[in-house]
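Below is input.json, which holds JSON, C-alpha atoms.
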[["chain", "number", "residue", "atom", "x", "y", "z"],
["A", 1, "MET", "CA", -13.35, 27.96, 12.01],
["A", 2, "LYS", "CA", -13.27, 31.68, 11.50],
["A", 3, "LYS", "CA", -11.60, 33.03, 8.38],
["A", 4, "ALA", "CA", -8.38, 33.99, 10.19],
["A", 5, "GLN", "CA", -8.08, 30.53, 11.74],
["A", 6, "GLN", "CA", -8.82, 28.86, 8.41],
["A", 7, "THR", "CA", -6.09, 30.89, 6.75],
["A", 8, "ARG", "CA", -3.61, 29.88, 9.45],
["A", 9, "PHE", "CA", -4.64, 26.24, 9.18],
["A", 10, "ASP", "CA", -4.19, 26.27, 5.40],
["A", 11, "SER", "CA", -0.68, 27.66, 5.87],
["A", 12, "LEU", "CA", 0.28, 25.08, 8.52],
["A", 13, "TYR", "CA", -1.26, 22.26, 6.51],
["A", 14, "GLN", "CA", 0.80, 23.18, 3.44],
["A", 15, "GLN", "CA", 3.93, 23.40, 5.59],
["A", 16, "HIS", "CA", 3.12, 19.90, 6.85],
["A", 17, "VAL", "CA", 2.78, 18.48, 3.33],
["A", 18, "ASN", "CA", 5.97, 20.24, 2.19],
["A", 19, "ALA", "CA", 7.91, 18.89, 5.18],
["A", 20, "LEU", "CA", 6.71, 15.36, 4.42],
["A", 21, "LYS", "CA", 7.94, 15.72, 0.85],
["A", 22, "ARG", "CA", 11.32, 17.04, 2.00],
["A", 23, "GLN", "CA", 11.69, 14.04, 4.30],
["A", 24, "GLY", "CA", 11.21, 11.73, 1.31],
["A", 25, "LYS", "CA", 7.97, 10.19, 2.55],
["A", 26, "SER", "CA", 6.02, 8.05, 0.10],
["A", 27, "LYS", "CA", 2.85, 9.31, -1.56],
["A", 28, "MET", "CA", 0.68, 7.06, 0.63],
["A", 29, "THR", "CA", 2.44, 8.21, 3.82],
["A", 30, "ILE", "CA", 1.97, 11.85, 2.85],
["A", 31, "GLN", "CA", -1.74, 11.24, 2.27],
["A", 32, "ALA", "CA", -2.15, 9.40, 5.59],
["A", 33, "TYR", "CA", -0.21, 11.93, 7.69],
["A", 34, "ALA", "CA", -2.00, 14.85, 6.03],
["A", 35, "ARG", "CA", -5.35, 13.15, 6.74],
["A", 36, "ALA", "CA", -4.42, 12.92, 10.43],
["A", 37, "VAL", "CA", -4.05, 16.71, 10.63],
["A", 38, "ARG", "CA", -7.32, 17.29, 8.78],
["A", 39, "ARG", "CA", -9.17, 14.82, 11.00],
["A", 40, "ILE", "CA", -8.17, 16.38, 14.33],
["A", 41, "THR", "CA", -8.86, 19.88, 12.97],
["A", 42, "THR", "CA", -12.37, 18.84, 11.96],
["A", 43, "PHE", "CA", -12.90, 17.15, 15.34],
["A", 44, "PHE", "CA", -12.26, 20.35, 17.31],
["A", 45, "ASP", "CA", -13.12, 22.84, 14.55],
["A", 46, "ARG", "CA", -10.05, 24.89, 15.34],
["A", 47, "CYS", "CA", -6.45, 25.12, 14.26],
["A", 48, "PRO", "CA", -4.37, 22.21, 15.70],
["A", 49, "ASP", "CA", -1.61, 24.51, 16.97],
["A", 50, "GLN", "CA", -4.08, 25.73, 19.62],
["A", 51, "LEU", "CA", -4.77, 22.31, 21.11],
["A", 52, "SER", "CA", -3.72, 21.49, 24.65],
["A", 53, "LEU", "CA", -2.36, 18.20, 25.96],
["A", 54, "ASP", "CA", -5.79, 17.42, 27.45],
["A", 55, "ASP", "CA", -7.36, 18.08, 24.03],
["A", 56, "LEU", "CA", -5.00, 15.57, 22.45],
["A", 57, "LYS", "CA", -5.79, 13.00, 25.15],
["A", 58, "ASP", "CA", -9.54, 13.47, 24.59],
["A", 59, "TYR", "CA", -9.10, 13.19, 20.83],
["A", 60, "PHE", "CA", -7.21, 9.92, 20.94],
["A", 61, "THR", "CA", -9.60, 8.47, 23.51],
["A", 62, "SER", "CA", -12.42, 9.18, 21.08],
["A", 63, "LEU", "CA", -10.43, 7.90, 18.10],
["A", 64, "ILE", "CA", -9.70, 4.59, 19.85],
["A", 65, "GLU", "CA", -13.43, 4.10, 20.41],
["A", 66, "SER", "CA", -14.41, 4.81, 16.81],
["A", 67, "HIS", "CA", -11.47, 3.58, 14.69],
["A", 68, "SER", "CA", -9.08, 0.67, 14.45],
["A", 69, "TRP", "CA", -5.72, 0.65, 16.21],
["A", 70, "SER", "CA", -4.13, 0.83, 12.79],
["A", 71, "THR", "CA", -5.77, 4.22, 12.19],
["A", 72, "VAL", "CA", -4.87, 5.37, 15.71],
["A", 73, "LYS", "CA", -1.22, 4.49, 15.10],
["A", 74, "VAL", "CA", -1.11, 6.31, 11.75],
["A", 75, "ASP", "CA", -2.76, 9.42, 13.20],
["A", 76, "ARG", "CA", -0.38, 9.39, 16.15],
["A", 77, "ASN", "CA", 2.62, 9.25, 13.82],
["A", 78, "GLY", "CA", 1.15, 11.89, 11.52],
["A", 79, "LEU", "CA", 0.48, 14.34, 14.34],
["A", 80, "GLN", "CA", 3.86, 13.62, 15.88],
["A", 81, "PHE", "CA", 5.48, 14.60, 12.59],
["A", 82, "PHE", "CA", 3.32, 17.75, 12.44],
["A", 83, "TYR", "CA", 4.28, 18.83, 15.95],
["A", 84, "ARG", "CA", 7.99, 18.20, 15.49],
["A", 85, "HIS", "CA", 8.56, 19.47, 11.95],
["A", 86, "VAL", "CA", 5.92, 22.20, 11.60],
["A", 87, "LEU", "CA", 5.11, 23.49, 15.10],
["A", 88, "GLU", "CA", 8.62, 22.60, 16.37],
["A", 89, "LYS", "CA", 7.18, 21.35, 19.65],
["A", 90, "ASP", "CA", 7.90, 18.27, 21.71],
["A", 91, "TRP", "CA", 5.44, 15.44, 21.17],
["A", 92, "GLN", "CA", 4.14, 14.33, 24.56],
["A", 93, "LEU", "CA", 1.83, 11.47, 23.63],
["A", 94, "ALA", "CA", 4.40, 8.82, 22.72],
["A", 95, "LYS", "CA", 3.85, 6.95, 25.99],
["A", 96, "LEU", "CA", 0.18, 7.84, 26.40],
["A", 97, "VAL", "CA", -0.94, 6.39, 23.07],
["A", 98, "LYS", "CA", 0.48, 2.89, 22.71],
["A", 99, "PRO", "CA", -1.33, 0.49, 20.35],
["A", 100, "PRO", "CA", -1.26, -3.09, 21.62],
["A", 101, "VAL", "CA", 1.24, -5.45, 20.04],
["A", 102, "ILE", "CA", -0.78, -8.00, 18.08],
["A", 103, "LYS", "CA", 0.93, -10.88, 16.31],
["A", 104, "THR", "CA", -1.15, -12.56, 13.64],
["A", 105, "LEU", "CA", -0.37, -15.15, 11.00],
["A", 106, "PRO", "CA", -1.63, -14.62, 7.46],
["A", 107, "ASP", "CA", -3.86, -17.15, 5.72],
["A", 108, "ILE", "CA", -2.00, -19.18, 3.11],
["A", 109, "LEU", "CA", -3.63, -20.51, -0.05],
["A", 110, "SER", "CA", -2.63, -23.93, -1.37],
["A", 111, "SER", "CA", -1.35, -24.34, -4.93],
["A", 112, "LYS", "CA", -4.68, -25.94, -5.78],
["A", 113, "GLU", "CA", -6.61, -22.96, -4.41],
["A", 114, "ILE", "CA", -4.38, -20.51, -6.30],
["A", 115, "SER", "CA", -4.96, -22.41, -9.57],
["A", 116, "ALA", "CA", -8.71, -22.53, -8.96],
["A", 117, "MET", "CA", -8.88, -18.77, -8.39],
["A", 118, "ILE", "CA", -6.82, -17.88, -11.45],
["A", 119, "ASN", "CA", -8.81, -20.25, -13.66],
["A", 120, "ALA", "CA", -12.11, -18.93, -12.28],
["A", 121, "THR", "CA", -11.18, -15.32, -13.08],
["A", 122, "ARG", "CA", -12.97, -14.39, -16.31],
["A", 123, "GLU", "CA", -11.61, -10.86, -16.87],
["A", 124, "ALA", "CA", -8.22, -11.02, -18.59],
["A", 125, "ARG", "CA", -6.86, -8.01, -16.70],
["A", 126, "TYR", "CA", -7.54, -9.57, -13.30],
["A", 127, "GLN", "CA", -6.52, -13.07, -14.33],
["A", 128, "THR", "CA", -3.17, -11.79, -15.62],
["A", 129, "PHE", "CA", -2.76, -9.57, -12.57],
["A", 130, "PHE", "CA", -3.32, -12.41, -10.08],
["A", 131, "LEU", "CA", -0.94, -14.70, -11.99],
["A", 132, "THR", "CA", 1.74, -12.00, -12.09],
["A", 133, "ALA", "CA", 1.40, -11.07, -8.42],
["A", 134, "TYR", "CA", 1.49, -14.71, -7.25],
["A", 135, "SER", "CA", 4.15, -16.11, -9.57],
["A", 136, "MET", "CA", 6.69, -13.48, -8.47],
["A", 137, "GLY", "CA", 5.45, -12.70, -4.97],
["A", 138, "LEU", "CA", 4.83, -9.04, -5.76],
["A", 139, "ARG", "CA", 3.06, -6.47, -3.63],
["A", 140, "LEU", "CA", -0.14, -4.87, -4.91],
["A", 141, "GLY", "CA", 1.50, -1.55, -5.78],
["A", 142, "GLU", "CA", 4.51, -3.24, -7.36],
["A", 143, "THR", "CA", 2.27, -5.20, -9.72],
["A", 144, "LEU", "CA", 0.05, -2.25, -10.58],
["A", 145, "ASN", "CA", 3.00, -0.04, -11.49],
["A", 146, "LEU", "CA", 4.77, -2.50, -13.79],
["A", 147, "THR", "CA", 5.78, -0.98, -17.12],
["A", 148, "ILE", "CA", 6.92, -2.43, -20.41],
["A", 149, "GLY", "CA", 10.46, -1.26, -19.67],
["A", 150, "ASP", "CA", 10.54, -3.32, -16.46],
["A", 151, "ILE", "CA", 10.38, -6.59, -18.42],
["A", 152, "ASP", "CA", 13.74, -8.16, -19.21],
["A", 153, "ALA", "CA", 12.85, -11.24, -21.27],
["A", 154, "ALA", "CA", 16.48, -12.09, -22.03],
["A", 155, "TYR", "CA", 17.39, -13.16, -18.47],
["A", 156, "PRO", "CA", 14.32, -13.47, -17.77],
["A", 157, "ARG", "CA", 13.46, -11.15, -14.90],
["A", 158, "ILE", "CA", 11.46, -8.09, -13.88],
["A", 159, "HIS", "CA", 12.92, -4.87, -12.51],
["A", 160, "ILE", "CA", 10.87, -3.74, -9.50],
["A", 161, "ARG", "CA", 11.43, -0.01, -9.17],
["A", 162, "ARG", "CA", 11.01, 1.85, -5.90],
["A", 163, "GLY", "CA", 9.37, -0.97, -3.99],
["A", 164, "LYS", "CA", 8.77, -0.81, -0.26],
["A", 165, "GLY", "CA", 11.38, 1.42, 1.34],
["A", 166, "HIS", "CA", 12.10, 2.97, -2.09],
["A", 167, "LYS", "CA", 14.29, -0.04, -2.94],
["A", 168, "ASP", "CA", 14.79, -1.55, -6.38],
["A", 169, "ARG", "CA", 15.22, -5.28, -6.91],
["A", 170, "TYR", "CA", 15.16, -7.91, -9.64],
["A", 171, "VAL", "CA", 12.63, -10.74, -9.53],
["A", 172, "THR", "CA", 12.74, -13.95, -11.54],
["A", 173, "LEU", "CA", 10.13, -13.91, -14.33],
["A", 174, "PRO", "CA", 8.50, -17.31, -15.04],
["A", 175, "LEU", "CA", 7.93, -18.13, -18.71],
["A", 176, "ILE", "CA", 4.19, -18.69, -18.19],
["A", 177, "THR", "CA", 3.89, -15.19, -16.69],
["A", 178, "LEU", "CA", 5.89, -13.63, -19.51],
["A", 179, "LYS", "CA", 3.53, -15.21, -22.06],
["A", 180, "ALA", "CA", 0.45, -14.07, -20.12],
["A", 181, "LEU", "CA", 1.77, -10.49, -19.89],
["A", 182, "ARG", "CA", 2.49, -10.42, -23.61],
["A", 183, "GLN", "CA", -0.97, -11.73, -24.44],
["A", 184, "TYR", "CA", -2.70, -9.21, -22.20],
["A", 185, "TRP", "CA", -0.58, -6.29, -23.40],
["A", 186, "ALA", "CA", -1.43, -7.20, -27.01],
["A", 187, "MET", "CA", -5.08, -6.59, -26.12],
["A", 188, "HIS", "CA", -4.63, -2.95, -25.06],
["A", 189, "ARG", "CA", -1.13, -1.96, -26.33],
["A", 190, "ASN", "CA", -0.63, 0.84, -23.86],
["A", 191, "PRO", "CA", 2.77, 2.42, -24.67],
["A", 192, "LEU", "CA", 3.90, 2.34, -21.04],
["A", 193, "LEU", "CA", 1.74, 0.42, -18.56],
["A", 194, "LEU", "CA", 1.15, -3.31, -18.33],
["A", 195, "PHE", "CA", -1.99, -2.89, -16.21],
["A", 196, "PRO", "CA", -3.54, 0.42, -17.35],
["A", 197, "ALA", "CA", -6.82, 1.79, -16.02],
["A", 198, "GLY", "CA", -9.90, 1.78, -18.20],
["A", 199, "LYS", "CA", -13.15, -0.10, -18.79],
["A", 200, "ASN", "CA", -12.16, -1.44, -22.21],
["A", 201, "ASN", "CA", -9.08, -1.92, -24.37],
["A", 202, "LYS", "CA", -9.64, 1.35, -26.20],
["A", 203, "THR", "CA", -9.52, 3.45, -23.02],
["A", 204, "ARG", "CA", -6.70, 1.35, -21.59],
["A", 205, "ALA", "CA", -4.57, 2.06, -24.65],
["A", 206, "SER", "CA", -4.32, 5.75, -23.77],
["A", 207, "ALA", "CA", -4.47, 5.50, -19.96],
["A", 208, "ILE", "CA", -1.71, 7.19, -17.97],
["A", 209, "LYS", "CA", -2.58, 5.58, -14.63],
["A", 210, "PRO", "CA", -2.69, 1.91, -13.56],
["A", 211, "MET", "CA", -5.80, -0.03, -12.57],
["A", 212, "ASP", "CA", -7.68, 0.95, -9.42],
["A", 213, "ARG", "CA", -6.33, -0.68, -6.25],
["A", 214, "GLY", "CA", -9.79, -1.03, -4.76],
["A", 215, "GLY", "CA", -11.12, -2.78, -7.85],
["A", 216, "VAL", "CA", -8.37, -5.40, -7.65],
["A", 217, "GLN", "CA", -9.00, -6.00, -3.95],
["A", 218, "ARG", "CA", -12.74, -6.36, -4.44],
["A", 219, "SER", "CA", -12.27, -8.69, -7.37],
["A", 220, "ILE", "CA", -10.01, -11.15, -5.55],
["A", 221, "LYS", "CA", -12.46, -11.41, -2.66],
["A", 222, "VAL", "CA", -15.35, -12.15, -5.04],
["A", 223, "ILE", "CA", -13.28, -14.78, -6.90],
["A", 224, "ALA", "CA", -12.20, -16.48, -3.67],
["A", 225, "LYS", "CA", -15.79, -16.67, -2.48],
["A", 226, "SER", "CA", -16.95, -18.08, -5.83],
["A", 227, "CYS", "CA", -14.32, -20.82, -5.48],
["A", 228, "GLY", "CA", -15.64, -21.80, -2.05],
["A", 229, "ILE", "CA", -12.55, -20.46, -0.28],
["A", 230, "HIS", "CA", -13.46, -19.17, 3.17],
["A", 231, "LYS", "CA", -10.03, -17.91, 4.18],
["A", 232, "HIS", "CA", -9.34, -14.20, 4.61],
["A", 233, "VAL", "CA", -8.09, -13.49, 1.08],
["A", 234, "HIS", "CA", -6.69, -10.25, -0.30],
["A", 235, "THR", "CA", -4.02, -9.49, -2.89],
["A", 236, "HIS", "CA", -1.20, -9.72, -0.32],
["A", 237, "THR", "CA", -2.33, -13.30, 0.36],
["A", 238, "LEU", "CA", -0.86, -14.19, -3.05],
["A", 239, "ARG", "CA", 2.54, -12.88, -1.91],
["A", 240, "HIS", "CA", 2.38, -14.76, 1.40],
["A", 241, "SER", "CA", 1.38, -17.95, -0.42],
["A", 242, "TYR", "CA", 4.20, -17.57, -2.94],
["A", 243, "GLY", "CA", 6.76, -17.31, -0.14],
["A", 244, "ALA", "CA", 5.30, -20.27, 1.74],
["A", 245, "HIS", "CA", 5.28, -22.44, -1.37],
["A", 246, "LEU", "CA", 8.92, -21.65, -2.15],
["A", 247, "VAL", "CA", 9.93, -22.58, 1.40],
["A", 248, "GLU", "CA", 7.97, -25.83, 1.08],
["A", 249, "HIS", "CA", 9.96, -26.60, -2.08],
["A", 250, "GLY", "CA", 13.26, -26.04, -0.29],
["A", 251, "LEU", "CA", 14.30, -22.52, -1.28],
["A", 252, "HIS", "CA", 16.88, -21.11, 1.12],
["A", 253, "LEU", "CA", 15.49, -18.34, 3.33],
["A", 254, "ARG", "CA", 18.25, -15.93, 2.31],
["A", 255, "ALA", "CA", 17.34, -16.35, -1.36],
["A", 256, "LEU", "CA", 13.66, -15.92, -0.52],
["A", 257, "GLN", "CA", 14.43, -12.75, 1.43],
["A", 258, "GLU", "CA", 16.13, -11.22, -1.62],
["A", 259, "GLU", "CA", 13.37, -12.36, -3.97],
["A", 260, "LEU", "CA", 10.65, -10.78, -1.81],
["A", 261, "GLY", "CA", 12.63, -7.65, -1.03],
["A", 262, "HIS", "CA", 12.55, -7.99, 2.75],
["A", 263, "ALA", "CA", 15.09, -6.09, 4.83],
["A", 264, "SER", "CA", 15.13, -8.82, 7.50],
["A", 265, "PRO", "CA", 15.04, -12.62, 7.12],
["A", 266, "THR", "CA", 12.73, -12.86, 10.15],
["A", 267, "THR", "CA", 9.98, -11.14, 8.14]]
Rewritten as structure tokens:
Amino acid sequence: MKKAQQTRFDSLYQQHVNALKRQGKSKMTIQAYARAVRRITTFFDRCPDQLSLDDLKDYFTSLIESHSWSTVKVDRNGLQFFYRHVLEKDWQLAKLVKPPVIKTLPDILSSKEISAMINATREARYQTFFLTAYSMGLRLGETLNLTIGDIDAAYPRIHIRRGKGHKDRYVTLPLITLKALRQYWAMHRNPLLLFPAGKNNKTRASAIKPMDRGGVQRSIKVIAKSCGIHKHVHTHTLRHSYGAHLVEHGLHLRALQEELGHASPTT
């Protein structure tokens, strides 16, 4: 783009980010919706406020051929937000870009497979992380962001702060998990985080950010493979398995819904 166009784009892009913040969007949503605007700008090499309806059709046709429907859906929502809140224009692609409705069932690990994976994990940070995530059915981000102040050993329970949908909830804390968290924290003694970033205990002690999400995801896949588990395993599989195991043991669905922090029992 020419300098004048680049200047205009920078202004519109910042307005987009500011509008997302004002609407209370999560950090990940802001990143994804901002990426959508950058991607289409790079595709045409011109400011997105100059694009025609045919341009948008061509862009999404190309995007469908090169990216997953998940990416297409996020970009559609991101650009829709940009058009409505920044350009103040009607969004005309709602009916033209419709990702197919795909219903899939997640793989569930048995209790034996869960035990094998946790026992096979040699790094204390990942072993404690997997135990914590499974034993309370936590999401990846919820586990990563746990702090010392979230632990309530007296009840015992954990305070999940600003989970999905910016909702807080309390989750029952098993004794075995409490002991594991105490043992791991004693290794690094970070004043705030339970799962701080860092390659060793010395760097973890002063870390101000939690462990890398990608590192956790890669680790669980490697561990599952080493245990001879051929299911599609990721960190969210631990949460699905936790829920399934509680249902198998007779927990009422309403209680499970509250424990997992779901808005709807059908989920």
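Of the residues under consideration (A:Tyr184, A:Tyr126, A:Tyr134, A:Tyr170), A:Tyr134 shows the shortest atom-to-atom contact distance to A:His245 when counting only C-alpha atoms.
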Using only C-alpha atoms: which of A:Phe130, A:Ser115, A:Asp107, A:Phe195 has the shortest distance to A:Ile148: A:Phe195
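Atom to atom, atom CA of A:Leu246 and atom CA of A:Lys225 stand 25.2 Å apart.
Taking all atoms listed in the file into account, the residues near (-11.7, -10.0, -13.8), no farther than 9 Å, are Thr121, Arg122, Glu123, Ala124, Arg125, Tyr126, Gln127, Thr128, Val216, Ser219, Ile220 and Ile223 of chain A.
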Selection near stretch 19-22 of chain A, 12 Å with all atoms listed in the file, sequence-local residues under 4 positions removed, as a PyMOL selection string: chain A and resi 12-15+26-34+77-88
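Between atom CA of A:Trp91 and atom CA of A:Gln23 the interatomic distance comes to 18.0 Å.
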Which centre and which edge lengths, in Å to one decimal, describe the axis-aligned box that holds all listed atoms of stretch 62-73 of chain A after 5 Å is added on each side, as AutoDock Vina command-line options?
--center_x -7.8 --center_y 4.9 --center_z 16.6 --size_x 23.2 --size_y 18.5 --size_z 18.9
Please rebuild stretch 180-198 of chain A with N, CA and C atoms and return the result as a short mmCIF file (atom, residue, chain, number, x, y, z; two decimals), in the frame of the given file.
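That gives us selection.cif:
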data_model
loop_
_atom_site.label_atom_id
_atom_site.label_comp_id
_atom_site.auth_asym_id
_atom_site.auth_seq_id
_atom_site.Cartn_x
_atom_site.Cartn_y
_atom_site.Cartn_z
N ALA A 180 1.74 -14.66 -20.50
CA ALA A 180 0.45 -14.07 -20.12
C ALA A 180 0.50 -12.54 -20.22
N LEU A 181 1.61 -11.94 -19.80
CA LEU A 181 1.77 -10.49 -19.89
C LEU A 181 1.78 -10.02 -21.34
N ARG A 182 2.46 -10.78 -22.19
CA ARG A 182 2.49 -10.42 -23.61
C ARG A 182 1.10 -10.51 -24.23
N GLN A 183 0.37 -11.56 -23.89
CA GLN A 183 -0.97 -11.73 -24.44
C GLN A 183 -1.91 -10.62 -23.98
N TYR A 184 -1.82 -10.27 -22.70
CA TYR A 184 -2.70 -9.21 -22.20
C TYR A 184 -2.32 -7.86 -22.78
N TRP A 185 -1.01 -7.58 -22.86
CA TRP A 185 -0.58 -6.29 -23.40
C TRP A 185 -1.03 -6.15 -24.86
N ALA A 186 -1.02 -7.25 -25.60
CA ALA A 186 -1.43 -7.20 -27.01
C ALA A 186 -2.90 -6.81 -27.16
N MET A 187 -3.67 -6.95 -26.08
CA MET A 187 -5.08 -6.59 -26.12
C MET A 187 -5.28 -5.08 -26.02
N HIS A 188 -4.43 -4.40 -25.24
CA HIS A 188 -4.63 -2.95 -25.06
C HIS A 188 -3.50 -2.10 -25.67
N ARG A 189 -2.28 -2.63 -25.71
CA ARG A 189 -1.13 -1.96 -26.33
C ARG A 189 -0.87 -0.56 -25.78
N ASN A 190 -1.00 -0.42 -24.49
CA ASN A 190 -0.63 0.84 -23.86
C ASN A 190 0.88 1.03 -24.03
N PRO A 191 1.33 2.23 -24.41
CA PRO A 191 2.77 2.42 -24.67
C PRO A 191 3.67 2.35 -23.44
N LEU A 192 3.09 2.35 -22.26
CA LEU A 192 3.90 2.34 -21.04
C LEU A 192 3.49 1.26 -20.04
N LEU A 193 2.21 1.26 -19.66
CA LEU A 193 1.74 0.42 -18.56
C LEU A 193 1.35 -0.98 -18.98
N LEU A 194 1.61 -1.94 -18.09
CA LEU A 194 1.15 -3.31 -18.33
C LEU A 194 -0.26 -3.52 -17.82
N PHE A 195 -0.64 -2.77 -16.77
CA PHE A 195 -1.99 -2.89 -16.21
C PHE A 195 -2.64 -1.50 -16.15
N PRO A 196 -2.96 -0.94 -17.32
CA PRO A 196 -3.54 0.42 -17.35
C PRO A 196 -4.98 0.44 -16.87
N ALA A 197 -5.42 1.60 -16.41
CA ALA A 197 -6.82 1.79 -16.02
C ALA A 197 -7.68 1.86 -17.27
N GLY A 198 -8.98 1.68 -17.07
CA GLY A 198 -9.90 1.78 -18.20
C GLY A 198 -10.89 0.63 -18.22
#
